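Report on the structure given below.
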Amino acid sequence: MDVSVVIIDWHQPELTRRALASVLSQRVDASVEVVLVVNEADDATVARYRADHPDVVVVAEPTNTGFAGGVVRGIAASSSEVVVLVNNDAVADHGFLDRGLAVLVAAGPRVAAVAATAVLEGRFVPIDPATARSADDLVAADGRRWRRAETGQTLVNGTGVVLDRSGNGRDRDWLRPLDDAPEPAPLFGFSGGAVFLRRGPLAEVGGFDPSLFMYYEDLDVAWRLRLAGYEIRHAPDAVVVHRHAASSGSDSPLVRSQSMRNRLAVVLRNASAGFALRVVVRTAGRLVRDLLRPASAQLSPAAWWRLCREAPAVLRHARRARRDDGFDAAARRRVEAALAPDV
């Protein structure tokens, strides 16, 4: 089974070259095509990539199309039956392609995607709750904080994506020590940072939505694959080492505002009417709380104002896409019946 690996770069040449090297060094019983999409590309950068990697298909984008737009362009420039997405801030472990492809092939054609395992680069130690917080701390679902250290534990970044009943997507096994038992939450989707995708089902459900730019674009595709009756699996031994949030920060205002916007957009496109209404009401409640309690606000007033201005266009796009997708209410309820409870 031939494979096309798509990597998106945006002003991160050192990280991107690491990712390229890790993919190009894979030993795999398949033909491997590598496609590099360079967002906001300049001629000199593109020329260097092409000179250093003549066998790589380099797609130069004059503007920043985000991760979602970059993936759309990368997939269009690729040719293989299987498309593998690898973040530019990730390094593929030896055997990554072989192990992921093996799971995809064995699973059969109704499995449209296989989520890889991402582990965090470096070592981490748990932080006493009484210790002063740091902006670089990572926070687990149970509230435990972890901090990077010279010696410590290897933590899992994710083994796919879980969707809860409030429309929130999160990495399954986020910050789980590598040797601990895996999280029992049902796998809903995949992270676009490391996934194996069948081209046919991906095209059938309309592919990635470039209007999402970044965040929730992978959950959106997974949701539509689920609505179409496809399954998504996990390949435990197909591993990438990920430098978490190397491009956008872990909890920056951009991450929070883009996630809030795109969660709403994805739910409006894919969820049942009742589910969508619940998420809209919760979002409105969050807006009121943030305005009344600015010290603990998730988004600033300016970010909320921007989201409110964009909301009519988001709604129109979601309605058009929902109509074009053509999934009925029964399919939406079927998918939602298997969702994880809220955390």
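Residue numbering restarts at 1 in every chain; chains get A, B, ... in the order shown in the structure tokens, and ligands count up from 1 in that same order.
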Item to check | Distance query segment 26-33 of chain A at most 6 Å, only C-alpha atoms, self and fewer than 4 positions along chain excluded, as a list in words | outcome: Met1, Asp2, Val3, Ser4 and Asp98 of chain A
Checklist entry - What residues in segment 127-246 of chain A get the DSSP label strand (DSSP E)? Please answer as a VMD selection string. => result chain A and resid 127 138 to 139 145 to 149 156 to 158 161 to 163 169 to 171 194 to 198 231 to 242
Item to check | Thr154 of chain A surroundings by only C-alpha atoms, 7 Å radius, close-in-sequence under 2 positions cut, as a PyMOL selection string | outcome: chain A and resi 120+122-124+152+156+177-178
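Closest to Asp179 of chain A among A:Leu299, A:Val205, A:Ala68, A:Leu155 is A:Leu155, based on only C-alpha atoms.
With distances restricted to only C-alpha atoms, A:Val239 is the closest residue to Ser22 of chain A from A:Ala228, A:Val239, A:Leu187, A:Ile127.
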Item to check | Nearest residue to Gly207 of chain A from the set A:Arg148, A:Arg243, A:Arg224, A:Arg172 (distances using only C-alpha atoms) | outcome: A:Arg224
Next on the checklist: Using DSSP assignments from the backbone, pull out every residue in segment 85-329 of chain A that falls under helix (DSSP H, G or I) and give it to me as a PyMOL selection string.
Outcome noted: chain A and resi 96-107+199-204+210-212+217-227+253-270+273-292+294-296+301-325+329
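Among the candidates A:Asp220, A:Asp324, A:Glu231, A:Asp237, the residue lying nearest to Ala116 of chain A is A:Asp237 (atoms considered: only C-alpha atoms).
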Next on the checklist: When you look at Val82 of chain A with a cut-off of 12 Å (counting only C-alpha atoms), what residues show up, excluding the ones that are within fewer than 3 positions of it in the same chain? I need them as an MDAnalysis selection string.
Outcome noted: chainID A and resid 1:6 30:34 75 78:79 85 97 100:102 104:105 109 111:114 195:203
Could those residues be written to a file, using N, CA and C atoms, as a tab-separated table (two decimals), in the first residue's frame?
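Contents of the output file again-v2.tsv:
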```
chain	number	residue	atom	x	y	z
A	1	MET	N	0.84	-1.19	0.00
A	1	MET	CA	0.00	0.00	0.00
A	1	MET	C	0.88	1.25	0.00
A	2	ASP	N	0.78	2.07	-1.05
A	2	ASP	CA	1.59	3.28	-1.13
A	2	ASP	C	1.07	4.34	-0.16
A	3	VAL	N	1.96	5.24	0.23
A	3	VAL	CA	1.61	6.22	1.25
A	3	VAL	C	2.20	7.58	0.91
A	4	SER	N	1.41	8.63	1.17
A	4	SER	CA	1.88	10.01	1.03
A	4	SER	C	1.91	10.64	2.41
A	5	VAL	N	3.05	11.18	2.80
A	5	VAL	CA	3.19	11.85	4.09
A	5	VAL	C	3.15	13.35	3.85
A	6	VAL	N	2.24	14.04	4.54
A	6	VAL	CA	2.06	15.48	4.37
A	6	VAL	C	2.51	16.19	5.63
A	30	ALA	N	6.76	-0.13	1.28
A	30	ALA	CA	5.77	0.64	0.53
A	30	ALA	C	6.49	1.78	-0.18
A	31	SER	N	5.84	2.32	-1.19
A	31	SER	CA	6.35	3.51	-1.85
A	31	SER	C	5.91	4.72	-1.03
A	32	VAL	N	6.87	5.56	-0.64
A	32	VAL	CA	6.58	6.70	0.23
A	32	VAL	C	6.81	8.01	-0.53
A	33	GLU	N	5.76	8.80	-0.62
A	33	GLU	CA	5.83	10.13	-1.20
A	33	GLU	C	5.73	11.13	-0.06
A	34	VAL	N	6.61	12.14	-0.04
A	34	VAL	CA	6.59	13.16	1.01
A	34	VAL	C	6.21	14.50	0.38
A	75	ILE	N	-2.78	17.41	0.56
A	75	ILE	CA	-3.47	16.22	0.07
A	75	ILE	C	-3.73	16.34	-1.43
A	78	SER	N	-0.73	15.32	-3.33
A	78	SER	CA	-0.26	13.95	-3.11
A	78	SER	C	-1.03	12.99	-4.01
A	79	SER	N	-0.58	11.73	-4.03
A	79	SER	CA	-1.17	10.80	-5.00
A	79	SER	C	-1.47	9.42	-4.44
A	85	LEU	N	-0.56	12.26	8.00
A	85	LEU	CA	-0.24	13.61	8.45
A	85	LEU	C	0.72	13.52	9.62
A	97	LEU	N	5.81	4.34	10.16
A	97	LEU	CA	4.98	4.11	8.99
A	97	LEU	C	4.56	2.65	8.88
A	100	GLY	N	1.85	1.79	11.61
A	100	GLY	CA	0.56	2.41	11.36
A	100	GLY	C	-0.14	1.80	10.15
A	101	LEU	N	0.62	1.57	9.09
A	101	LEU	CA	0.04	0.96	7.90
A	101	LEU	C	-0.46	-0.45	8.19
A	102	ALA	N	0.27	-1.19	9.02
A	102	ALA	CA	-0.14	-2.55	9.35
A	102	ALA	C	-1.50	-2.57	10.03
A	104	LEU	N	-3.85	-0.23	9.76
A	104	LEU	CA	-4.84	0.22	8.79
A	104	LEU	C	-5.22	-0.91	7.83
A	105	VAL	N	-4.24	-1.64	7.34
A	105	VAL	CA	-4.50	-2.73	6.40
A	105	VAL	C	-5.28	-3.85	7.08
A	109	PRO	N	-11.47	-2.00	5.08
A	109	PRO	CA	-11.84	-0.74	4.43
A	109	PRO	C	-12.83	0.12	5.20
A	111	VAL	N	-12.50	0.96	8.22
A	111	VAL	CA	-11.69	1.81	9.11
A	111	VAL	C	-11.02	2.86	8.24
A	112	ALA	N	-11.45	4.10	8.40
A	112	ALA	CA	-11.00	5.18	7.52
A	112	ALA	C	-9.76	5.87	8.05
A	113	ALA	N	-9.49	5.74	9.35
A	113	ALA	CA	-8.36	6.47	9.94
A	113	ALA	C	-7.79	5.67	11.10
A	114	VAL	N	-6.49	5.80	11.28
A	114	VAL	CA	-5.79	5.18	12.41
A	114	VAL	C	-4.98	6.25	13.10
A	195	VAL	N	-1.51	10.83	12.01
A	195	VAL	CA	-2.66	9.98	11.67
A	195	VAL	C	-2.47	9.39	10.28
A	196	PHE	N	-3.06	8.20	10.10
A	196	PHE	CA	-3.07	7.50	8.82
A	196	PHE	C	-4.51	7.54	8.30
A	197	LEU	N	-4.72	8.06	7.08
A	197	LEU	CA	-6.05	8.29	6.53
A	197	LEU	C	-6.20	7.62	5.17
A	198	ARG	N	-7.33	6.98	4.96
A	198	ARG	CA	-7.64	6.46	3.62
A	198	ARG	C	-8.18	7.60	2.77
A	199	ARG	N	-7.62	7.75	1.58
A	199	ARG	CA	-8.00	8.86	0.70
A	199	ARG	C	-9.48	8.78	0.30
A	200	GLY	N	-9.97	7.60	-0.02
A	200	GLY	CA	-11.34	7.47	-0.50
A	200	GLY	C	-12.38	7.97	0.49
A	201	PRO	N	-12.41	7.43	1.71
A	201	PRO	CA	-13.37	7.94	2.70
A	201	PRO	C	-13.19	9.42	3.01
A	202	LEU	N	-11.95	9.87	3.04
A	202	LEU	CA	-11.69	11.29	3.32
A	202	LEU	C	-12.33	12.17	2.25
A	203	ALA	N	-12.17	11.78	0.99
A	203	ALA	CA	-12.79	12.54	-0.10
A	203	ALA	C	-14.31	12.43	-0.04
```
Item to check | From A:Leu36, A:Ile232, A:Leu15, A:Val46, residue lying nearest Ala107 of chain A [only C-alpha atoms] | outcome: A:Ile232
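Shortest atom-to-atom contact with Arg110 of chain A among A:Gly143, A:Glu217, A:Tyr230, A:Val280: A:Tyr230, counting only C-alpha atoms.
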